[in-house]
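Engineer: Contents of run39.txt (compact mmCIF, C-alpha atoms and all ligand atoms) are given next:
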# COMPACT_ATOMS: atom_id res chain seq x y z
CA MET O 557 0.00 0.00 0.00
CA ASN O 558 0.93 3.62 -0.50
CA LYS O 559 3.34 4.93 2.14
CA ARG O 560 1.30 8.07 2.90
CA PHE O 561 -1.58 5.92 4.20
CA ASP O 562 -2.16 2.21 4.70
CA MET O 563 -5.90 1.84 5.17
CA PRO O 564 -7.55 -0.96 3.15
CA TYR O 565 -10.65 -0.52 0.96
CA PRO O 566 -13.80 0.03 3.03
CA TYR O 567 -16.94 -1.95 2.26
CA GLY O 568 -20.13 -0.25 1.13
CA TRP O 569 -22.11 1.01 -1.82
CA PHE O 570 -20.10 2.96 -4.40
CA GLN O 571 -21.17 4.85 -7.49
CA VAL O 572 -19.72 3.25 -10.63
CA ALA O 573 -21.73 4.89 -13.43
CA LEU O 574 -24.54 7.26 -14.26
CA SER O 575 -27.79 5.69 -15.39
CA GLN O 576 -27.86 7.95 -18.46
CA ASP O 577 -24.50 6.58 -19.66
CA LEU O 578 -25.66 2.96 -20.01
CA ALA O 579 -28.55 2.26 -22.35
CA ALA O 580 -30.32 -1.11 -22.47
CA GLY O 581 -28.17 -3.59 -24.38
CA GLU O 582 -24.91 -1.71 -23.71
CA SER O 583 -21.84 -2.84 -21.82
CA ARG O 584 -18.47 -1.44 -20.90
CA PRO O 585 -15.36 -2.19 -18.85
CA LEU O 586 -15.22 -1.05 -15.24
CA ARG O 587 -12.15 -0.74 -13.07
CA TYR O 588 -12.52 0.03 -9.36
CA PHE O 589 -11.03 -1.50 -6.19
CA GLY O 590 -8.15 -2.66 -8.35
CA GLU O 591 -10.57 -5.14 -9.99
CA GLU O 592 -11.35 -5.58 -13.68
CA MET O 593 -15.11 -5.84 -14.14
CA VAL O 594 -17.74 -5.48 -16.83
CA LEU O 595 -20.91 -3.44 -16.45
CA PHE O 596 -23.86 -4.21 -18.71
CA ARG O 597 -27.54 -3.44 -18.99
CA THR O 598 -29.81 -6.26 -20.04
CA GLU O 599 -32.26 -5.67 -22.85
CA ASP O 600 -35.03 -5.35 -20.26
CA GLY O 601 -33.07 -2.64 -18.42
CA GLN O 602 -31.32 -4.28 -15.44
CA ALA O 603 -27.75 -3.13 -14.69
CA LYS O 604 -25.35 -5.99 -13.87
CA ILE O 605 -21.69 -6.23 -12.89
CA LEU O 606 -19.51 -9.29 -13.42
CA ASP O 607 -15.84 -10.07 -13.03
CA ALA O 608 -14.29 -9.10 -16.38
CA TYR O 609 -12.35 -12.28 -17.04
CA CYS O 610 -14.07 -15.20 -18.70
CA PRO O 611 -13.72 -18.56 -16.89
CA HIS O 612 -13.07 -20.22 -20.27
CA MET O 613 -9.75 -18.76 -21.45
CA GLY O 614 -9.68 -15.43 -19.69
CA GLY O 615 -11.14 -13.12 -22.35
CA HIS O 616 -12.14 -9.66 -21.05
CA LEU O 617 -15.90 -9.18 -21.42
CA GLY O 618 -15.59 -5.39 -21.37
CA TYR O 619 -13.93 -4.99 -24.78
CA GLY O 620 -16.10 -5.89 -27.74
CA ILE O 621 -14.81 -6.58 -31.23
CA ARG O 622 -15.89 -4.64 -34.33
CA LYS O 623 -17.80 -2.10 -32.25
CA GLU O 624 -17.39 1.56 -31.44
CA PRO O 625 -14.41 2.12 -29.13
CA GLY O 626 -15.40 1.88 -25.48
CA GLN O 627 -18.17 -0.66 -26.09
CA GLY O 628 -18.01 -3.95 -24.29
CA GLY O 629 -19.13 -7.45 -25.21
CA GLU O 630 -22.46 -7.87 -26.98
CA VAL O 631 -25.55 -8.01 -24.77
CA ARG O 632 -28.20 -10.53 -25.81
CA GLY O 633 -31.39 -10.68 -23.74
CA ASP O 634 -30.28 -10.81 -20.13
CA THR O 635 -26.82 -12.13 -20.96
CA ILE O 636 -23.44 -10.80 -22.10
CA VAL O 637 -21.42 -12.60 -24.75
CA CYS O 638 -17.66 -13.08 -24.31
CA PRO O 639 -15.99 -11.57 -27.39
CA PHE O 640 -13.33 -14.33 -27.47
CA HIS O 641 -15.38 -17.51 -28.20
CA GLY O 642 -19.02 -16.50 -27.73
CA TRP O 643 -19.87 -18.06 -24.36
CA ARG O 644 -22.88 -16.31 -22.82
CA PHE O 645 -23.23 -15.35 -19.13
CA ASN O 646 -26.13 -13.92 -17.17
CA GLY O 647 -25.82 -11.24 -14.48
CA GLU O 648 -25.60 -13.87 -11.75
CA GLY O 649 -22.49 -15.33 -13.36
CA GLN O 650 -24.07 -18.52 -14.75
CA CYS O 651 -23.04 -19.65 -18.20
CA GLU O 652 -26.18 -19.96 -20.31
CA GLU O 653 -24.67 -21.07 -23.57
CA ILE O 654 -21.51 -22.41 -25.15
CA PRO O 655 -22.52 -22.20 -28.79
CA TYR O 656 -20.11 -24.81 -30.22
CA ALA O 657 -20.05 -27.40 -27.38
CA THR O 658 -22.01 -30.66 -27.36
CA HIS O 659 -20.99 -31.67 -23.80
CA MET O 660 -21.05 -28.84 -21.26
CA PRO O 661 -18.36 -28.55 -18.54
CA PRO O 662 -19.92 -30.00 -15.32
CA ARG O 663 -20.29 -26.63 -13.52
CA VAL O 664 -22.04 -25.17 -16.56
CA ALA O 665 -24.34 -28.22 -16.85
CA ASP O 666 -25.14 -27.84 -13.09
CA LYS O 667 -26.04 -24.15 -13.58
CA GLN O 668 -23.45 -23.11 -11.00
CA CYS O 669 -22.12 -19.55 -10.89
CA VAL O 670 -18.86 -19.66 -12.79
CA MET O 671 -18.15 -15.92 -12.57
CA LYS O 672 -18.19 -13.52 -9.65
CA SER O 673 -21.03 -10.99 -9.70
CA TRP O 674 -21.45 -7.84 -7.59
CA PRO O 675 -24.71 -6.57 -6.10
CA VAL O 676 -26.02 -3.55 -8.03
CA GLN O 677 -28.58 -0.87 -7.15
CA GLU O 678 -29.79 1.90 -9.38
CA ARG O 679 -30.96 4.97 -7.53
CA ASN O 680 -30.70 8.78 -7.80
CA GLN O 681 -30.02 8.37 -11.58
CA MET O 682 -26.82 6.50 -10.70
CA ILE O 683 -25.60 2.90 -10.75
CA TRP O 684 -24.10 1.65 -7.48
CA MET O 685 -22.00 -1.41 -6.73
CA TRP O 686 -21.70 -3.14 -3.34
CA TYR O 687 -18.09 -3.88 -2.51
CA HIS O 688 -17.13 -6.18 0.37
CA PRO O 689 -13.68 -7.77 0.60
CA HIS O 690 -15.25 -11.05 1.82
CA ASN O 691 -18.20 -10.84 -0.58
CA GLU O 692 -20.78 -10.42 2.17
CA PRO O 693 -24.20 -9.32 0.92
CA PRO O 694 -25.22 -5.66 1.45
CA HIS O 695 -25.54 -4.49 5.07
CA TYR O 696 -27.53 -1.38 4.17
CA GLU O 697 -29.18 0.36 1.21
CA VAL O 698 -28.26 3.20 -1.12
CA GLU O 699 -30.18 6.21 0.15
CA ALA O 700 -32.71 7.78 -2.19
CA VAL O 701 -32.29 11.57 -2.29
CA GLU O 702 -35.48 13.27 -3.41
CA GLU O 703 -33.84 16.04 -5.44
CA PHE O 704 -32.17 13.37 -7.63
CA ASP O 705 -35.36 11.39 -8.22
CA PRO O 706 -35.85 11.41 -12.02
CA GLU O 707 -39.59 11.96 -11.39
CA ASN O 708 -38.95 15.15 -9.40
CA GLY O 709 -39.60 17.83 -12.01
CA GLU O 710 -38.82 20.75 -9.71
CA TRP O 711 -35.12 20.00 -9.92
CA GLY O 712 -33.07 20.56 -13.06
CA GLU O 713 -30.53 18.50 -14.95
CA MET O 714 -27.57 17.03 -13.11
CA GLU O 715 -24.21 18.71 -13.62
CA ILE O 716 -21.34 16.25 -13.25
CA HIS O 717 -17.75 17.00 -12.29
CA THR O 718 -15.38 14.03 -11.97
CA PHE O 719 -12.05 14.27 -10.15
CA LYS O 720 -9.31 11.64 -9.92
CA VAL O 721 -7.41 12.18 -6.68
CA LYS O 722 -4.28 10.45 -5.41
CA THR O 723 -5.41 9.72 -1.86
CA HIS O 724 -7.52 7.36 0.24
CA CYS O 725 -11.28 7.83 0.52
CA GLN O 726 -11.09 8.10 4.34
CA GLU O 727 -8.80 11.11 4.01
CA MET O 728 -11.35 12.85 1.77
CA ALA O 729 -14.21 12.08 4.13
CA GLU O 730 -12.33 13.51 7.11
CA ASN O 731 -12.79 16.92 5.50
CA GLY O 732 -16.32 17.12 6.90
CA ALA O 733 -15.09 16.52 10.47
CA ASP O 734 -12.56 19.32 10.16
CA PRO O 735 -14.19 22.75 10.39
CA ALA O 736 -10.88 24.58 10.93
CA HIS O 737 -9.69 23.90 7.38
CA PHE O 738 -12.59 25.83 5.82
CA ARG O 739 -10.96 29.11 6.77
CA TYR O 740 -7.41 28.24 5.78
CA VAL O 741 -7.93 26.03 2.73
CA HIS O 742 -11.14 27.57 1.39
CA GLY O 743 -10.90 31.11 2.74
CA VAL O 744 -14.41 31.27 4.22
CA ALA O 745 -15.04 34.55 5.99
CA GLU O 746 -15.13 33.39 9.60
CA PHE O 747 -14.15 30.37 11.61
CA PRO O 748 -17.26 28.23 11.02
CA ALA O 749 -19.44 26.70 13.73
CA SER O 750 -20.21 23.05 13.11
CA SER O 751 -21.86 20.01 14.57
CA MET O 752 -21.78 16.37 13.63
CA GLY O 753 -24.02 13.49 14.62
CA PHE O 754 -23.39 9.76 14.44
CA ASP O 755 -26.36 7.47 14.69
CA GLY O 756 -24.27 4.49 15.70
CA GLY O 757 -24.87 2.85 12.34
CA HIS O 758 -23.65 3.41 8.81
CA ARG O 759 -24.91 7.01 8.63
CA ARG O 760 -23.49 10.25 9.95
CA GLN O 761 -24.62 13.79 9.41
CA GLY O 762 -23.40 17.26 10.11
CA LYS O 763 -23.93 20.96 9.67
CA VAL O 764 -21.41 23.70 9.12
CA ASP O 765 -22.23 27.41 9.16
CA ALA O 766 -20.33 28.80 6.24
CA PRO O 767 -20.69 32.52 5.64
CA MET O 768 -19.88 33.23 2.00
CA GLU O 769 -18.18 36.31 0.64
CA THR O 770 -20.01 37.68 -2.36
CA PRO O 771 -19.71 40.93 -4.31
CA ARG O 772 -22.72 42.09 -2.28
CA GLY O 773 -21.05 41.39 1.08
CA VAL O 774 -21.04 38.39 3.40
CA VAL O 775 -24.11 36.16 3.07
CA ASP O 776 -25.14 33.62 5.72
CA GLY O 777 -24.55 30.20 4.30
CA SER O 778 -24.90 26.73 5.71
CA ILE O 779 -23.79 23.32 4.61
CA GLU O 780 -25.72 20.27 5.78
CA PHE O 781 -24.43 16.88 4.86
CA VAL O 782 -25.30 13.21 5.22
CA CYS O 783 -22.86 10.36 4.68
CA ASN O 784 -24.41 6.99 3.99
CA GLY O 785 -21.47 4.64 4.40
CA PRO O 786 -18.10 5.52 2.88
CA GLY O 787 -19.25 5.84 -0.75
CA GLN O 788 -22.34 8.05 -0.76
CA SER O 789 -22.76 11.51 0.65
CA TYR O 790 -24.98 14.41 -0.15
CA THR O 791 -24.77 18.00 0.87
CA ARG O 792 -27.41 20.70 0.86
CA PHE O 793 -25.92 24.16 0.46
CA SER O 794 -28.16 27.03 1.34
CA GLY O 795 -27.63 30.74 1.55
CA ILE O 796 -27.59 32.42 -1.82
CA CYS O 797 -29.21 29.75 -3.94
CA GLU O 798 -30.24 26.19 -3.10
CA THR O 799 -27.81 23.58 -4.39
CA VAL O 800 -27.59 19.87 -3.64
CA GLU O 801 -24.37 18.04 -4.30
CA MET O 802 -24.13 14.28 -4.28
CA GLY O 803 -20.45 13.62 -3.54
CA ASN O 804 -19.58 10.03 -4.31
CA VAL O 805 -16.19 8.55 -3.68
CA THR O 806 -15.12 5.28 -5.30
CA PRO O 807 -11.63 3.77 -4.87
CA ILE O 808 -9.99 3.06 -8.24
CA ASP O 809 -7.02 1.20 -6.83
CA GLU O 810 -4.62 1.46 -3.90
CA GLU O 811 -3.41 4.88 -5.05
CA TYR O 812 -6.34 6.72 -6.58
CA VAL O 813 -9.97 7.46 -5.86
CA GLU O 814 -12.62 8.89 -8.14
CA TYR O 815 -14.74 11.69 -6.76
CA ASN O 816 -17.97 12.48 -8.55
CA ALA O 817 -19.45 15.82 -7.57
CA ILE O 818 -22.96 15.80 -9.04
CA PHE O 819 -24.96 18.97 -8.65
CA ILE O 820 -28.60 19.69 -8.95
CA GLN O 821 -30.44 22.97 -8.52
CA PRO O 822 -34.09 24.03 -8.65
CA ARG O 823 -35.27 24.25 -12.25
CA ALA O 824 -36.75 27.65 -11.43
CA ASP O 825 -33.28 29.00 -10.53
CA GLU O 826 -31.69 27.55 -13.66
CA GLU O 827 -34.07 29.53 -15.81
CA SER O 828 -34.34 32.71 -13.76
CA ALA O 829 -32.26 35.86 -13.44
CA SER O 830 -30.29 34.19 -10.63
CA ALA O 831 -28.94 31.54 -13.04
CA GLY O 832 -25.55 33.25 -12.97
CA VAL O 833 -25.43 33.02 -9.17
CA ALA O 834 -26.43 29.35 -9.31
CA ARG O 835 -23.57 28.67 -11.73
CA ALA O 836 -21.13 30.59 -9.53
CA ILE O 837 -21.99 28.37 -6.55
CA ILE O 838 -21.12 25.18 -8.45
CA LYS O 839 -17.92 26.77 -9.67
CA ASP O 840 -17.02 27.76 -6.13
CA ILE O 841 -17.63 24.24 -4.76
CA CYS O 842 -15.46 22.77 -7.54
CA ARG O 843 -12.74 25.26 -6.66
CA GLN O 844 -12.97 24.01 -3.06
CA ILE O 845 -12.55 20.39 -4.21
CA GLU O 846 -9.45 21.45 -6.16
CA GLU O 847 -8.12 23.21 -3.08
CA ASP O 848 -8.78 20.16 -0.90
CA SER O 849 -7.10 17.95 -3.52
CA ILE O 850 -3.80 19.81 -3.11
CA ILE O 851 -3.89 18.90 0.60
CA TRP O 852 -5.11 15.29 0.02
CA GLU O 853 -2.57 14.46 -2.67
CA HIS O 854 0.41 15.48 -0.56
CA LYS O 855 -0.55 14.94 3.07
CA LEU O 856 0.43 12.05 5.29
CA TYR O 857 -2.13 10.11 7.30
CA ARG O 858 -1.35 10.78 10.98
CA GLU O 859 -2.62 7.90 13.01
CA LYS O 860 -2.17 9.93 16.20
CA PRO O 861 -2.70 13.56 15.21
CA MET O 862 -1.71 16.26 17.74
CA LEU O 863 -5.14 17.88 18.17
CA CYS O 864 -6.32 21.01 20.00
CA ASP O 865 -9.67 22.10 21.47
CA GLY O 866 -10.79 23.98 18.34
CA ASP O 867 -10.50 20.90 16.12
CA GLY O 868 -13.48 18.86 14.98
CA PRO O 869 -14.50 15.37 16.14
CA ILE O 870 -11.62 13.63 14.34
CA ALA O 871 -11.40 10.65 16.73
CA LYS O 872 -15.17 10.08 16.63
CA PHE O 873 -15.13 10.32 12.85
CA ARG O 874 -12.33 7.76 12.56
CA LYS O 875 -14.05 5.37 14.94
CA TRP O 876 -17.22 5.64 12.83
CA TYR O 877 -15.27 5.10 9.59
CA SER O 878 -13.40 2.07 10.94
CA GLN O 879 -16.66 0.05 11.02
CA PHE O 880 -16.28 -0.31 7.22
CA TYR O 881 -12.97 -2.13 7.46
CA VAL O 882 -12.79 -5.88 7.90
CA GLU O 883 -9.71 -7.95 8.63
S1 LIG H 1 -12.46 -16.78 -23.22
FE1 LIG H 1 -14.52 -16.24 -23.07
S2 LIG H 1 -15.52 -17.55 -24.42
FE2 LIG H 1 -13.46 -18.18 -24.51
FE FE H 2 -12.59 21.03 2.17
Show how you would write the structure in this file as structure tokens.
Structural biologist:
Amino acid sequence: MNKRFDMPYPYGWFQVALSQDLAAGESRPLRYFGEEMVLFRTEDGQAKILDAYCPHMGGHLGYGIRKEPGQGGEVRGDTIVCPFHGWRFNGEGQCEEIPYATHMPPRVADKQCVMKSWPVQERNQMIWMWYHPHNEPPHYEVEAVEEFDPENGEWGEMEIHTFKVKTHCQEMAENGADPAHFRYVHGVAEFPASSMGFDGGHRRQGKVDAPMETPRGVVDGSIEFVCNGPGQSYTRFSGICETVEMGNVTPIDEEYVEYNAIFIQPRADEESASAGVARAIIKDICRQIEEDSIIWEHKLYREKPMLCDGDGPIAKFRKWYSQFYVE
């Protein structure tokens, strides 16, 4: 593991794609948690994730032949076809057909799972994968956030900003338990007041008062966030203009994580005179992520930090986070 930190991957639900990027009958390679996988959507619309490597001779199911670049193996019905020799697998990892065989290998004939599959949920217009190092089934659910419900017409189109950051996802999450950095890293007007609650389970939530400097003077702002396990969080920014950010962190491998900052704002604001202000808020949050990234990419994880009374609940946060690690 990287010398700046040595935490393993946490278990939980992690965003691996946007629903809009995977039409029925499409597939593509996926690489997270240092694993090669294939994501596909069956012709009747179910998203599925399998180990990428075929049990036959190791073909990668995520790279189709004679297709547009970036397309994976062909999807037929509820199965994906290996591009190497045409074996067909369903989303549970059973082999449904070997087109040129007369005698099936015993595990295929027995309808056993011959490929690893990952639990998938589709919610908030996103596709989520359950990762557990021991392959335990999900311990909790992806949380539905009303503003991201595709049926909720009051909220506009999602705006997606993807960052690849050389750090560990725990380091990024610690940001929310660290009110002091808002002044020094992000230059907020005053030292912010904050609170954080842990419900003893997989959720934690917090609130930070964050006065914002604008051309019209300092405006009262507040940031309320919920973390649902290590992979999903959402933040409601209020003050100048309502904005909800879903901030999803997915480990790519032992060095990098992907951070998807997905914003949504009231449709009325998008179309009104305050559209410029709404845009400025998203730009400002992205600037903050870039500022945080400079810290994250270079800092060292201090197992025993030298803390003072003005610091946030770092120890409580770390204890909460450690529930997602298994030996
Ligand atoms: S390697 Fe997949 S069908 Fe042969
Ligand atoms: Fe920050």
Engineer: For a quick check of understanding, using only C-alpha atoms, which of O:Cys638, O:Gly743, O:Gly832, O:Pro786 has the smallest distance to Glu730 in chain O?
Structural biologist: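 Closest candidate: O:Pro786.
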Engineer: With distances taken over all atoms listed in the file, which residue among O:Gly762, O:Gly732, O:Gly629, O:Pro611 lies nearest ligand FE 2 (chain H)?
Structural biologist: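 Ranking O:Gly762, O:Gly732, O:Gly629, O:Pro611 by distance to ligand FE 2 (chain H), first place goes to O:Gly732.
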Engineer: Enter the distance from CA of Pro735 in chain O to CA of Asp776 in chain O, in Å, rounded to one decimal.
Structural biologist: 16.1 Å
Engineer: Report the closest atom pair, with its distance in Å rounded to one decimal, for each residue of chain O that has an atom no farther than 6 Å from ligand LIG 1 (chain H); count only C-alpha atoms and all ligand atoms, sort by chain and then rising residue number, and write it as JSON lines.
Structural biologist:
{"residue": "O:Cys610", "atom": "CA", "partner": "H:LIG1", "partner_atom": "FE1", "distance": 4.5}
{"residue": "O:His612", "atom": "CA", "partner": "H:LIG1", "partner_atom": "S1", "distance": 4.6}
{"residue": "O:Met613", "atom": "CA", "partner": "H:LIG1", "partner_atom": "S1", "distance": 3.8}
{"residue": "O:Gly614", "atom": "CA", "partner": "H:LIG1", "partner_atom": "S1", "distance": 4.7}
{"residue": "O:Gly615", "atom": "CA", "partner": "H:LIG1", "partner_atom": "S1", "distance": 4.0}
{"residue": "O:Cys638", "atom": "CA", "partner": "H:LIG1", "partner_atom": "FE1", "distance": 4.6}
{"residue": "O:Phe640", "atom": "CA", "partner": "H:LIG1", "partner_atom": "FE2", "distance": 4.9}
{"residue": "O:His641", "atom": "CA", "partner": "H:LIG1", "partner_atom": "S2", "distance": 3.8}
{"residue": "O:Gly642", "atom": "CA", "partner": "H:LIG1", "partner_atom": "S2", "distance": 4.9}
{"residue": "O:Trp643", "atom": "CA", "partner": "H:LIG1", "partner_atom": "S2", "distance": 4.4}
Engineer: CA of Cys797 in chain O and CA of Val833 in chain O are how many Å apart?
Structural biologist: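 Between CA of Cys797 in chain O and CA of Val833 in chain O the gap works out to 7.2 Å.
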Engineer: May I have the residues within 12 Å of ligand FE 2 (chain H), computed using only C-alpha atoms and all ligand atoms, as a count of residues only?
Structural biologist: 34
Engineer: Pick the closest to Glu697 in chain O from O:Lys720, O:His758, O:Lys667, O:Arg874: which is it, counting only C-alpha atoms?
Structural biologist: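 Once distances to Glu697 in chain O are computed over only C-alpha atoms, the minimum belongs to O:His758.
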Engineer: Could you check the closest approach to Glu810 in chain O for each of O:Thr723, O:Ser673, O:Ser794, O:Thr635 and tell me which residue wins, using all atoms listed in the file?
Structural biologist: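 Of O:Thr723, O:Ser673, O:Ser794, O:Thr635, the one nearest Glu810 in chain O, counting all atoms listed in the file, is O:Thr723.
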Engineer: Quick one: residues within 12 Å of Glu859 in chain O, only C-alpha atoms counted, chain neighbours fewer than 4 positions away excluded, as a list in words?
Structural biologist: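 The residues satisfying every condition are Arg560, Phe561, Asp562, Met563, Glu727, Leu863, Ile870, Ala871, Arg874 and Lys875 of chain O.
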Engineer: From the options O:Gly620, O:Pro655, O:Gly581, O:Pro693, which residue's atoms come nearest to Asp600 in chain O, counting only C-alpha atoms?
Structural biologist: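 Between O:Gly620, O:Pro655, O:Gly581, O:Pro693, the residue approaching Asp600 in chain O most closely is O:Gly581.
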Engineer: Using all atoms listed in the file, which of the listed residues (O:Pro675, O:Ser828, O:Tyr609, O:Gln681) sits closest to Pro694 in chain O?
Structural biologist: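 Looking only at the distances to Pro694 in chain O, the closest residue turns out to be O:Pro675.
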Engineer: Will you model N, CA and C atoms for range 622-646 of chain O and pass it back as an mmCIF file, keeping the file's coordinate frame?
Structural biologist:
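Produced file part-v7.cif, reproduced below:
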data_model
loop_
_atom_site.group_PDB
_atom_site.id
_atom_site.type_symbol
_atom_site.label_atom_id
_atom_site.label_comp_id
_atom_site.auth_asym_id
_atom_site.auth_seq_id
_atom_site.Cartn_x
_atom_site.Cartn_y
_atom_site.Cartn_z
ATOM 1 N N ARG O 622 -15.151 -5.264 -33.212
ATOM 2 C CA ARG O 622 -15.890 -4.640 -34.330
ATOM 3 C C ARG O 622 -17.040 -3.750 -33.843
ATOM 4 N N LYS O 623 -16.786 -3.025 -32.756
ATOM 5 C CA LYS O 623 -17.800 -2.100 -32.250
ATOM 6 C C LYS O 623 -17.137 -0.750 -32.088
ATOM 7 N N GLU O 624 -17.948 0.238 -31.747
ATOM 8 C CA GLU O 624 -17.390 1.560 -31.440
ATOM 9 C C GLU O 624 -16.428 1.419 -30.272
ATOM 10 N N PRO O 625 -15.332 2.189 -30.273
ATOM 11 C CA PRO O 625 -14.410 2.120 -29.130
ATOM 12 C C PRO O 625 -15.154 2.390 -27.824
ATOM 13 N N GLY O 626 -14.770 1.677 -26.779
ATOM 14 C CA GLY O 626 -15.400 1.880 -25.480
ATOM 15 C C GLY O 626 -16.579 0.972 -25.232
ATOM 16 N N GLN O 627 -17.058 0.282 -26.279
ATOM 17 C CA GLN O 627 -18.170 -0.660 -26.090
ATOM 18 C C GLN O 627 -17.629 -2.000 -25.607
ATOM 19 N N GLY O 628 -18.418 -2.660 -24.801
ATOM 20 C CA GLY O 628 -18.010 -3.950 -24.290
ATOM 21 C C GLY O 628 -18.547 -5.088 -25.126
ATOM 22 N N GLY O 629 -18.584 -6.289 -24.526
ATOM 23 C CA GLY O 629 -19.130 -7.450 -25.210
ATOM 24 C C GLY O 629 -20.605 -7.239 -25.550
ATOM 25 N N GLU O 630 -21.060 -7.992 -26.536
ATOM 26 C CA GLU O 630 -22.460 -7.870 -26.980
ATOM 27 C C GLU O 630 -23.416 -8.337 -25.881
ATOM 28 N N VAL O 631 -24.513 -7.603 -25.716
ATOM 29 C CA VAL O 631 -25.550 -8.010 -24.770
ATOM 30 C C VAL O 631 -26.674 -8.652 -25.565
ATOM 31 N N ARG O 632 -27.096 -9.844 -25.123
ATOM 32 C CA ARG O 632 -28.200 -10.530 -25.810
ATOM 33 C C ARG O 632 -29.198 -10.959 -24.737
ATOM 34 N N GLY O 633 -30.401 -10.376 -24.768
ATOM 35 C CA GLY O 633 -31.390 -10.680 -23.740
ATOM 36 C C GLY O 633 -30.873 -10.231 -22.388
ATOM 37 N N ASP O 634 -30.804 -11.180 -21.445
ATOM 38 C CA ASP O 634 -30.280 -10.810 -20.130
ATOM 39 C C ASP O 634 -28.861 -11.356 -19.936
ATOM 40 N N THR O 635 -28.167 -11.573 -21.058
ATOM 41 C CA THR O 635 -26.820 -12.130 -20.960
ATOM 42 C C THR O 635 -25.815 -11.262 -21.712
ATOM 43 N N ILE O 636 -24.527 -11.462 -21.370
ATOM 44 C CA ILE O 636 -23.440 -10.800 -22.100
ATOM 45 C C ILE O 636 -22.603 -11.898 -22.745
ATOM 46 N N VAL O 637 -22.145 -11.603 -23.960
ATOM 47 C CA VAL O 637 -21.420 -12.600 -24.750
ATOM 48 C C VAL O 637 -19.922 -12.293 -24.653
ATOM 49 N N CYS O 638 -19.114 -13.286 -24.330
ATOM 50 C CA CYS O 638 -17.660 -13.080 -24.310
ATOM 51 C C CYS O 638 -17.183 -12.901 -25.751
ATOM 52 N N PRO O 639 -16.425 -11.833 -26.011
ATOM 53 C CA PRO O 639 -15.990 -11.570 -27.390
ATOM 54 C C PRO O 639 -15.005 -12.608 -27.938
ATOM 55 N N PHE O 640 -14.401 -13.409 -27.039
ATOM 56 C CA PHE O 640 -13.330 -14.330 -27.470
ATOM 57 C C PHE O 640 -13.897 -15.566 -28.189
ATOM 58 N N HIS O 641 -14.839 -16.304 -27.556
ATOM 59 C CA HIS O 641 -15.380 -17.510 -28.200
ATOM 60 C C HIS O 641 -16.908 -17.624 -28.073
ATOM 61 N N GLY O 642 -17.560 -16.527 -27.674
ATOM 62 C CA GLY O 642 -19.020 -16.500 -27.730
ATOM 63 C C GLY O 642 -19.782 -17.162 -26.598
ATOM 64 N N TRP O 643 -19.110 -17.519 -25.490
ATOM 65 C CA TRP O 643 -19.870 -18.060 -24.360
ATOM 66 C C TRP O 643 -20.748 -16.944 -23.802
ATOM 67 N N ARG O 644 -21.933 -17.320 -23.314
ATOM 68 C CA ARG O 644 -22.880 -16.310 -22.820
ATOM 69 C C ARG O 644 -23.113 -16.472 -21.325
ATOM 70 N N PHE O 645 -23.081 -15.348 -20.593
ATOM 71 C CA PHE O 645 -23.230 -15.350 -19.130
ATOM 72 C C PHE O 645 -24.347 -14.410 -18.711
ATOM 73 N N ASN O 646 -25.114 -14.839 -17.699
ATOM 74 C CA ASN O 646 -26.130 -13.920 -17.170
ATOM 75 C C ASN O 646 -25.533 -13.099 -16.014
#
